[in-house]
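Source file coords-v6.tsv; content: TSV, C-alpha atoms.
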chain	number	residue	atom	x	y	z
P	1	GLY	CA	17.11	7.75	56.50
P	2	GLY	CA	20.77	7.07	55.84
P	3	GLY	CA	22.77	3.91	55.96
P	4	GLY	CA	25.67	2.08	54.36
P	5	GLY	CA	26.19	-1.26	52.68
P	6	VAL	CA	23.74	-3.13	50.47
P	7	LYS	CA	20.05	-2.48	51.06
P	8	GLU	CA	17.11	-4.39	49.61
P	9	TRP	CA	13.46	-3.34	49.50
P	10	SER	CA	10.64	-5.51	48.26
P	11	PHE	CA	7.83	-3.98	46.21
P	12	CYS	CA	4.72	-5.15	44.44
P	13	PHE	CA	2.23	-3.46	42.10
P	14	ASP	CA	-1.25	-4.94	42.27
P	15	HIS	CA	-4.12	-4.44	39.83
P	16	LEU	CA	-2.14	-2.69	37.13
P	17	ASP	CA	-4.15	-1.24	34.25
P	18	VAL	CA	-2.12	-2.74	31.39
P	19	ASP	CA	-4.04	-3.38	28.19
P	20	GLU	CA	-1.29	-3.09	25.57
P	21	GLU	CA	1.80	-5.21	24.91
P	22	SER	CA	5.25	-3.79	24.51
P	23	TYR	CA	5.68	-2.78	20.91
P	24	TYR	CA	8.65	-1.41	18.99
P	25	GLY	CA	7.52	-0.31	15.53
P	26	ILE	CA	8.43	2.31	12.97
P	27	ASN	CA	6.08	5.09	14.06
P	28	VAL	CA	4.46	3.61	17.18
P	29	PHE	CA	6.16	2.61	20.42
P	30	VAL	CA	4.56	1.13	23.53
P	31	ARG	CA	7.12	1.16	26.31
P	32	TYR	CA	7.02	-0.01	29.92
P	33	TYR	CA	9.80	0.79	32.37
P	34	LEU	CA	10.48	0.79	36.09
P	35	LYS	CA	11.85	4.04	37.47
P	36	VAL	CA	13.51	4.35	40.88
P	37	VAL	CA	14.24	7.77	42.37
P	38	ILE	CA	16.26	8.22	45.56
P	39	ASP	CA	15.83	11.70	47.01
P	40	ARG	CA	18.94	12.87	48.86
P	41	GLY	CA	17.68	16.22	50.01
P	42	THR	CA	17.07	19.61	48.49
P	43	LEU	CA	20.75	20.43	47.98
P	44	THR	CA	21.76	17.14	46.33
P	45	THR	CA	20.80	15.73	42.94
P	46	PRO	CA	18.55	12.67	43.32
P	47	ILE	CA	19.68	9.26	42.11
P	48	VAL	CA	17.54	7.97	39.22
P	49	ASN	CA	17.63	4.50	37.68
P	50	VAL	CA	15.39	3.23	34.87
P	51	ARG	CA	14.95	-0.40	33.79
P	52	ASP	CA	12.89	-1.38	30.77
P	53	LEU	CA	10.30	-4.16	31.02
P	54	VAL	CA	8.77	-6.33	28.31
P	55	VAL	CA	5.02	-6.90	28.71
P	56	GLN	CA	3.18	-9.75	26.97
P	57	LEU	CA	-0.57	-10.31	27.21
P	58	PRO	CA	-1.70	-13.80	26.18
P	59	GLU	CA	-5.33	-13.91	25.09
P	60	GLU	CA	-7.74	-15.48	27.54
P	61	GLY	CA	-10.21	-18.21	26.65
P	62	ALA	CA	-9.97	-20.12	23.38
P	63	PRO	CA	-6.50	-19.73	21.84
P	64	LEU	CA	-7.81	-19.21	18.30
P	65	PRO	CA	-11.19	-18.70	16.63
P	66	GLU	CA	-12.72	-21.90	15.32
P	67	GLY	CA	-15.00	-22.97	12.48
P	68	SER	CA	-16.45	-20.20	10.35
P	69	LEU	CA	-14.61	-17.57	12.43
P	70	ASN	CA	-11.29	-18.93	11.16
P	71	PRO	CA	-11.85	-19.42	7.41
P	72	PRO	CA	-9.14	-20.53	4.98
P	73	VAL	CA	-7.31	-17.95	2.88
P	74	LYS	CA	-7.41	-18.20	-0.90
P	75	LEU	CA	-5.19	-16.18	-3.22
P	76	GLU	CA	-5.38	-16.21	-7.00
P	77	VAL	CA	-2.80	-14.69	-9.33
P	78	GLY	CA	-3.96	-14.52	-12.91
P	79	VAL	CA	-3.08	-12.89	-16.22
P	80	GLN	CA	-5.49	-13.61	-19.04
P	81	ASP	CA	-4.36	-16.58	-21.17
P	82	CYS	CA	-0.90	-16.45	-19.54
P	83	VAL	CA	-0.94	-17.61	-15.94
P	84	HIS	CA	-3.45	-18.75	-13.33
P	85	ILE	CA	-2.19	-19.77	-9.91
P	86	GLU	CA	-4.19	-20.58	-6.79
P	87	MET	CA	-2.82	-20.52	-3.26
P	88	TRP	CA	-4.69	-21.87	-0.26
P	89	PHE	CA	-3.89	-21.47	3.41
P	90	ALA	CA	-5.58	-23.69	5.95
P	91	GLN	CA	-6.68	-20.82	8.22
P	92	SER	CA	-6.60	-17.06	8.57
P	93	HIS	CA	-5.81	-16.89	12.33
P	94	HIS	CA	-2.41	-18.09	13.60
P	95	PRO	CA	-0.37	-17.97	16.82
P	96	VAL	CA	2.56	-15.56	16.65
P	97	ASP	CA	4.90	-18.57	16.85
P	98	GLY	CA	2.72	-20.98	14.89
P	99	ILE	CA	3.08	-22.63	11.48
P	100	VAL	CA	1.45	-21.42	8.27
P	101	THR	CA	0.45	-24.34	6.05
P	102	GLY	CA	-1.01	-24.28	2.57
P	103	VAL	CA	-0.65	-25.38	-1.02
P	104	ILE	CA	0.03	-23.64	-4.34
P	105	ILE	CA	-1.67	-25.01	-7.48
P	106	PHE	CA	-0.60	-24.00	-10.99
P	107	ARG	CA	-3.71	-24.10	-13.16
P	108	LEU	CA	-2.21	-22.42	-16.21
P	109	VAL	CA	1.39	-21.37	-16.82
P	110	ARG	CA	2.48	-19.85	-20.14
P	111	LEU	CA	5.09	-17.49	-18.76
P	112	ASN	CA	8.71	-18.26	-18.01
P	113	ILE	CA	8.65	-17.83	-14.24
P	114	VAL	CA	12.02	-17.13	-12.65
P	115	SER	CA	11.00	-17.20	-8.99
P	116	MET	CA	8.00	-17.32	-6.68
P	117	ASP	CA	8.11	-15.96	-3.13
P	118	VAL	CA	5.75	-15.84	-0.17
P	119	SER	CA	6.22	-12.85	2.13
P	120	LEU	CA	4.78	-11.77	5.47
P	121	LEU	CA	4.20	-8.02	5.71
P	122	ARG	CA	3.46	-5.92	8.78
P	123	ILE	CA	1.37	-2.82	8.09
P	124	GLU	CA	1.46	-0.18	10.80
P	125	SER	CA	-1.05	2.65	10.56
P	126	THR	CA	-1.28	5.65	12.87
P	127	GLN	CA	-3.68	8.55	13.19
P	128	GLY	CA	-2.46	11.69	14.91
P	129	THR	CA	1.28	12.40	14.75
P	130	ALA	CA	3.69	15.09	15.89
P	131	ILE	CA	3.00	16.87	12.59
P	132	GLY	CA	-0.73	17.19	13.26
P	133	PRO	CA	-3.57	15.49	15.13
P	134	HIS	CA	-5.35	14.53	11.90
P	135	GLN	CA	-2.32	13.24	10.02
P	136	TYR	CA	-2.53	9.63	8.81
P	137	MET	CA	0.62	7.57	8.37
P	138	CYS	CA	0.96	4.02	7.05
P	139	THR	CA	4.20	2.02	6.95
P	140	THR	CA	4.77	-1.46	5.53
P	141	VAL	CA	7.65	-3.69	6.64
P	142	CYS	CA	8.59	-7.09	5.24
P	143	VAL	CA	8.96	-9.31	8.30
P	144	GLY	CA	10.18	-12.35	6.37
P	145	SER	CA	9.92	-14.22	3.10
P	146	ILE	CA	10.53	-17.67	1.67
P	147	GLN	CA	11.22	-18.77	-1.88
P	148	VAL	CA	8.72	-21.41	-2.88
P	149	MET	CA	10.01	-22.21	-6.36
P	150	ASP	CA	12.52	-21.13	-8.99
P	151	GLY	CA	11.78	-22.00	-12.58
P	152	THR	CA	8.59	-22.64	-14.51
P	153	PRO	CA	6.30	-25.37	-13.11
P	154	ALA	CA	4.12	-27.73	-15.10
P	155	ARG	CA	0.38	-27.32	-15.48
P	156	ASP	CA	-1.68	-28.58	-12.50
P	157	GLU	CA	1.48	-29.01	-10.45
P	158	SER	CA	1.02	-28.37	-6.72
P	159	VAL	CA	3.59	-27.25	-4.18
P	160	PRO	CA	2.97	-27.58	-0.43
P	161	VAL	CA	3.88	-24.66	1.85
P	162	ARG	CA	4.88	-25.05	5.49
P	163	TRP	CA	6.29	-21.90	7.07
P	164	SER	CA	7.23	-21.67	10.73
P	165	LEU	CA	6.75	-18.20	12.24
P	166	LYS	CA	8.84	-18.99	15.28
P	167	GLY	CA	11.97	-16.89	15.45
P	168	TYR	CA	10.53	-13.79	13.78
P	169	ASN	CA	9.49	-12.30	17.15
P	170	LEU	CA	6.08	-11.29	15.80
P	171	THR	CA	3.57	-9.22	17.73
P	172	PRO	CA	-0.19	-9.82	17.73
P	173	SER	CA	-2.39	-8.01	15.23
P	174	ARG	CA	-3.92	-4.89	16.75
P	175	GLN	CA	-7.25	-3.45	15.67
P	176	ARG	CA	-7.38	0.26	16.42
P	177	ALA	CA	-5.54	0.11	19.74
P	178	ARG	CA	-6.72	3.05	21.85
P	179	GLY	CA	-8.18	4.52	18.66
P	180	LYS	CA	-4.74	5.76	17.58
P	181	TYR	CA	-3.05	2.97	15.64
P	182	TYR	CA	-3.43	-0.55	14.39
P	183	VAL	CA	-1.07	-3.30	13.25
P	184	ARG	CA	-2.10	-5.63	10.45
P	185	HIS	CA	-0.33	-8.62	8.93
P	186	VAL	CA	-0.58	-9.53	5.27
P	187	ILE	CA	0.65	-12.60	3.44
P	188	LYS	CA	1.78	-11.89	-0.12
P	189	LEU	CA	2.45	-14.17	-3.09
P	190	THR	CA	4.82	-12.73	-5.72
P	191	LEU	CA	5.73	-14.14	-9.13
P	192	THR	CA	8.66	-12.82	-11.18
P	193	ASP	CA	9.06	-13.63	-14.87
P	194	GLU	CA	12.20	-13.61	-17.03
P	195	LYS	CA	11.66	-9.95	-17.96
P	196	GLY	CA	11.60	-8.88	-14.33
P	197	ARG	CA	7.86	-8.23	-14.23
P	198	GLU	CA	6.13	-9.04	-10.95
P	199	TYR	CA	2.64	-10.40	-10.41
P	200	TYR	CA	1.34	-10.51	-6.87
P	201	LYS	CA	-1.67	-11.07	-4.67
P	202	GLN	CA	-2.04	-10.52	-0.95
P	203	SER	CA	-4.51	-11.22	1.84
P	204	GLU	CA	-4.72	-10.31	5.51
P	205	ILE	CA	-4.08	-12.84	8.25
P	206	PHE	CA	-4.50	-12.38	12.00
P	207	LEU	CA	-1.85	-13.20	14.60
P	208	HIS	CA	-2.61	-13.97	18.26
P	209	ARG	CA	-0.44	-14.47	21.32
P	210	CYS	CA	-1.67	-17.65	22.96
P	211	VAL	CA	1.13	-18.21	25.51
P	212	LEU	CA	4.06	-16.29	26.93
P	213	SER	CA	7.13	-16.57	24.77
P	214	ALA	CA	10.81	-15.88	25.36
P	215	HIS	CA	12.65	-15.84	22.05
P	216	ASP	CA	16.37	-15.27	21.75
P	217	ASP	CA	15.56	-11.98	20.07
P	218	SER	CA	17.07	-8.88	21.64
P	219	TRP	CA	13.63	-7.57	22.65
P	220	PHE	CA	13.55	-10.12	25.46
P	221	HIS	CA	16.86	-9.13	27.04
P	222	GLU	CA	17.57	-5.98	28.97
P	223	GLU	CA	20.58	-4.92	26.90
P	224	GLY	CA	18.62	-5.44	23.69
P	225	VAL	CA	15.66	-3.42	24.93
P	226	ARG	CA	17.99	-0.63	25.94
P	227	ARG	CA	19.64	-0.72	22.52
P	228	ASN	CA	16.27	-0.54	20.74
P	229	TRP	CA	15.14	2.47	22.73
P	230	LYS	CA	18.50	4.15	22.26
P	231	ASP	CA	18.02	3.74	18.52
P	232	HIS	CA	14.52	5.20	18.90
P	233	ASP	CA	15.87	8.22	20.75
P	234	VAL	CA	18.41	8.87	18.00
P	235	ARG	CA	15.89	8.59	15.17
P	236	TYR	CA	13.23	10.66	16.90
P	237	LYS	CA	15.29	13.19	18.78
P	238	ARG	CA	13.43	16.47	18.89
P	239	PRO	CA	15.28	19.36	17.25
P	240	GLU	CA	16.52	22.07	19.57
P	241	VAL	CA	14.53	25.26	19.52
P	242	PRO	CA	16.76	28.23	18.78
P	243	SER	CA	16.86	30.86	21.49

What would you get if you wrote out this structure as structure tokens?
Amino acid sequence: GGGGGVKEWSFCFDHLDVDEESYYGINVFVRYYLKVVIDRGTLTTPIVNVRDLVVQLPEEGAPLPEGSLNPPVKLEVGVQDCVHIEMWFAQSHHPVDGIVTGVIIFRLVRLNIVSMDVSLLRIESTQGTAIGPHQYMCTTVCVGSIQVMDGTPARDESVPVRWSLKGYNLTPSRQRARGKYYVRHVIKLTLTDEKGREYYKQSEIFLHRCVLSAHDDSWFHEEGVRRNWKDHDVRYKRPEVPS
């Protein structure tokens, strides 16, 4: 029916089948939005309004695996008779806004090291793309990095590492979500010598969402979500088919 002024209608969706979080990646996008359509008759264009939603799914039960299911991570970077460095992390499973703690031990150093960095990489893999159903695509993005040391350390010197993940707006690791894609996270140790040569080692870690979070990142605000999807539409706009 018709009417003037401001009208309000309450609505509620019960028992929604939602098993994936919102995700804005390079090749994979999981989007939730609310669409309202007001039909004004057959001779008038309907009014359509779309609002994006951000969905988070905290894991139920124990927040993180314990004991042998959450082993420490050990990385070793070695060049025969030149350098041998060990890096230990206390655990392999972390909350998306947790703290990564560890220690770096220099067993043998005979190179002039200029810098040493620890990076967190996100590896996004997809199977089945617009090019073909059997195409496989893998993309790696550096989420963040910290410089642990600049200069050459002494033998048997140890450097503690404490890296807060809060503020990076990380998403949980996904293992073959719906059989189409997965998201892995890798921690990487990189050494650079005076000649610009790099020596690195990396190992996978697993991120979990234990509680709901509301960072200041643009993903958690309507205008930011709209901007992200606008950027997606520009980058992935389908070419027009010539007539």

Counting all atoms listed in the file, what are the residues of stretch 98-171 of chain P within 12 Å of stretch 188-194 of chain P, and for each of them which pair of atoms is the nearest and at what distance in Å, to one decimal? Sort the table by chain and rising number, as JSON lines.
{"residue": "P:Val103", "atom": "CA", "partner": "P:Leu189", "partner_atom": "CA", "distance": 11.8}
{"residue": "P:Ile104", "atom": "CA", "partner": "P:Leu189", "partner_atom": "CA", "distance": 9.9}
{"residue": "P:Phe106", "atom": "CA", "partner": "P:Leu191", "partner_atom": "CA", "distance": 11.9}
{"residue": "P:Val109", "atom": "CA", "partner": "P:Asp193", "partner_atom": "CA", "distance": 11.1}
{"residue": "P:Arg110", "atom": "CA", "partner": "P:Asp193", "partner_atom": "CA", "distance": 10.5}
{"residue": "P:Leu111", "atom": "CA", "partner": "P:Asp193", "partner_atom": "CA", "distance": 6.8}
{"residue": "P:Asn112", "atom": "CA", "partner": "P:Asp193", "partner_atom": "CA", "distance": 5.6}
{"residue": "P:Ile113", "atom": "CA", "partner": "P:Asp193", "partner_atom": "CA", "distance": 4.3}
{"residue": "P:Val114", "atom": "CA", "partner": "P:Asp193", "partner_atom": "CA", "distance": 5.1}
{"residue": "P:Ser115", "atom": "CA", "partner": "P:Thr192", "partner_atom": "CA", "distance": 5.4}
{"residue": "P:Met116", "atom": "CA", "partner": "P:Leu191", "partner_atom": "CA", "distance": 4.6}
{"residue": "P:Asp117", "atom": "CA", "partner": "P:Thr190", "partner_atom": "CA", "distance": 5.3}
{"residue": "P:Val118", "atom": "CA", "partner": "P:Leu189", "partner_atom": "CA", "distance": 4.7}
{"residue": "P:Ser119", "atom": "CA", "partner": "P:Lys188", "partner_atom": "CA", "distance": 5.1}
{"residue": "P:Leu120", "atom": "CA", "partner": "P:Lys188", "partner_atom": "CA", "distance": 6.3}
{"residue": "P:Leu121", "atom": "CA", "partner": "P:Lys188", "partner_atom": "CA", "distance": 7.4}
{"residue": "P:Arg122", "atom": "CA", "partner": "P:Lys188", "partner_atom": "CA", "distance": 10.8}
{"residue": "P:Cys142", "atom": "CA", "partner": "P:Lys188", "partner_atom": "CA", "distance": 9.9}
{"residue": "P:Val143", "atom": "CA", "partner": "P:Lys188", "partner_atom": "CA", "distance": 11.4}
{"residue": "P:Gly144", "atom": "CA", "partner": "P:Lys188", "partner_atom": "CA", "distance": 10.6}
{"residue": "P:Ser145", "atom": "CA", "partner": "P:Lys188", "partner_atom": "CA", "distance": 9.1}
{"residue": "P:Ile146", "atom": "CA", "partner": "P:Leu189", "partner_atom": "CA", "distance": 10.0}
{"residue": "P:Gln147", "atom": "CA", "partner": "P:Thr190", "partner_atom": "CA", "distance": 9.6}
{"residue": "P:Val148", "atom": "CA", "partner": "P:Leu189", "partner_atom": "CA", "distance": 9.6}
{"residue": "P:Met149", "atom": "CA", "partner": "P:Leu191", "partner_atom": "CA", "distance": 9.5}
{"residue": "P:Asp150", "atom": "CA", "partner": "P:Thr192", "partner_atom": "CA", "distance": 9.4}
{"residue": "P:Gly151", "atom": "CA", "partner": "P:Asp193", "partner_atom": "CA", "distance": 9.1}
{"residue": "P:Thr152", "atom": "CA", "partner": "P:Asp193", "partner_atom": "CA", "distance": 9.0}
{"residue": "P:Pro153", "atom": "CA", "partner": "P:Leu191", "partner_atom": "CA", "distance": 11.9}
{"residue": "P:Val161", "atom": "CA", "partner": "P:Leu189", "partner_atom": "CA", "distance": 11.7}

Please save C-alpha atoms of the selected residues as a tab-separated table (two decimals), in the frame of the given file.
chain	number	residue	atom	x	y	z
P	103	VAL	CA	-0.65	-25.38	-1.02
P	104	ILE	CA	0.03	-23.64	-4.34
P	106	PHE	CA	-0.60	-24.00	-10.99
P	109	VAL	CA	1.39	-21.37	-16.82
P	110	ARG	CA	2.48	-19.85	-20.14
P	111	LEU	CA	5.09	-17.49	-18.76
P	112	ASN	CA	8.71	-18.26	-18.01
P	113	ILE	CA	8.65	-17.83	-14.24
P	114	VAL	CA	12.02	-17.13	-12.65
P	115	SER	CA	11.00	-17.20	-8.99
P	116	MET	CA	8.00	-17.32	-6.68
P	117	ASP	CA	8.11	-15.96	-3.13
P	118	VAL	CA	5.75	-15.84	-0.17
P	119	SER	CA	6.22	-12.85	2.13
P	120	LEU	CA	4.78	-11.77	5.47
P	121	LEU	CA	4.20	-8.02	5.71
P	122	ARG	CA	3.46	-5.92	8.78
P	142	CYS	CA	8.59	-7.09	5.24
P	143	VAL	CA	8.96	-9.31	8.30
P	144	GLY	CA	10.18	-12.35	6.37
P	145	SER	CA	9.92	-14.22	3.10
P	146	ILE	CA	10.53	-17.67	1.67
P	147	GLN	CA	11.22	-18.77	-1.88
P	148	VAL	CA	8.72	-21.41	-2.88
P	149	MET	CA	10.01	-22.21	-6.36
P	150	ASP	CA	12.52	-21.13	-8.99
P	151	GLY	CA	11.78	-22.00	-12.58
P	152	THR	CA	8.59	-22.64	-14.51
P	153	PRO	CA	6.30	-25.37	-13.11
P	161	VAL	CA	3.88	-24.66	1.85

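Between atom CA of P:Phe29 and atom CA of P:His15 the interatomic distance comes to 23.1 Å.
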
Inset, instruction - Please provide the set of residues having any atom within 12 Å of P:Leu69, restricted to only C-alpha atoms, with same-chain residues fewer than 6 positions apart removed, written as a PyMOL selection string. - result: chain P and resi 91-93+206

Write the residues of the preceding selection, restricted to C-alpha atoms, as a PDB file, in the coordinates of the input.
ATOM      1  CA  GLN P  91      -6.680 -20.820   8.220  1.00  0.00           C
ATOM      2  CA  SER P  92      -6.600 -17.060   8.570  1.00  0.00           C
ATOM      3  CA  HIS P  93      -5.810 -16.890  12.330  1.00  0.00           C
ATOM      4  CA  PHE P 206      -4.500 -12.380  12.000  1.00  0.00           C
TER       5      PHE P 206
END

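For P:Arg184, the list of residues within 10 Å, based on all atoms listed in the file and with local chain neighbours fewer than 2 positions off taken out, reads P:Leu121, P:Arg122, P:Ile123, P:Glu124, P:Ser125, P:Thr140, P:Thr171, P:Pro172, P:Ser173, P:Arg174, P:Gln175, P:Arg176, P:Tyr182, P:Val186, P:Glu204, P:Ile205, P:Phe206, P:Leu207.
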
Inset, instruction - For each of P:Ile26, P:Val73, P:Leu212, P:Met87, take the minimum atom-to-atom distance to P:Val55, counting all atoms listed in the file, then give the residue where this is smallest. - result: P:Leu212

Legend entry - Separation of atom CA of P:Ile99 from atom CA of P:Pro72, in Å and rounded to one decimal: 14.0 Å

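Minimum distance to P:Lys180 across P:Val83, P:Ala154, P:Val28, P:Leu108 (counting all atoms listed in the file) occurs at P:Val28.
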
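The point (-2.4, -15.5, 22.1) has these residues within 6 Å of it when all atoms listed in the file are used: Pro58, Glu59, Pro63, His208, Arg209, Cys210 and Val211 of chain P.
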
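Going from atom CA of P:Gly102 to atom CA of P:Arg162 covers 6.6 Å.
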
Inset, instruction - Excluding P:Asn49 and any residue of its chain fewer than 6 positions from it, enumerate the residues within 10 Å of it, using all atoms listed in the file, and give them as a ChimeraX atom specification. - result: /P:34-38
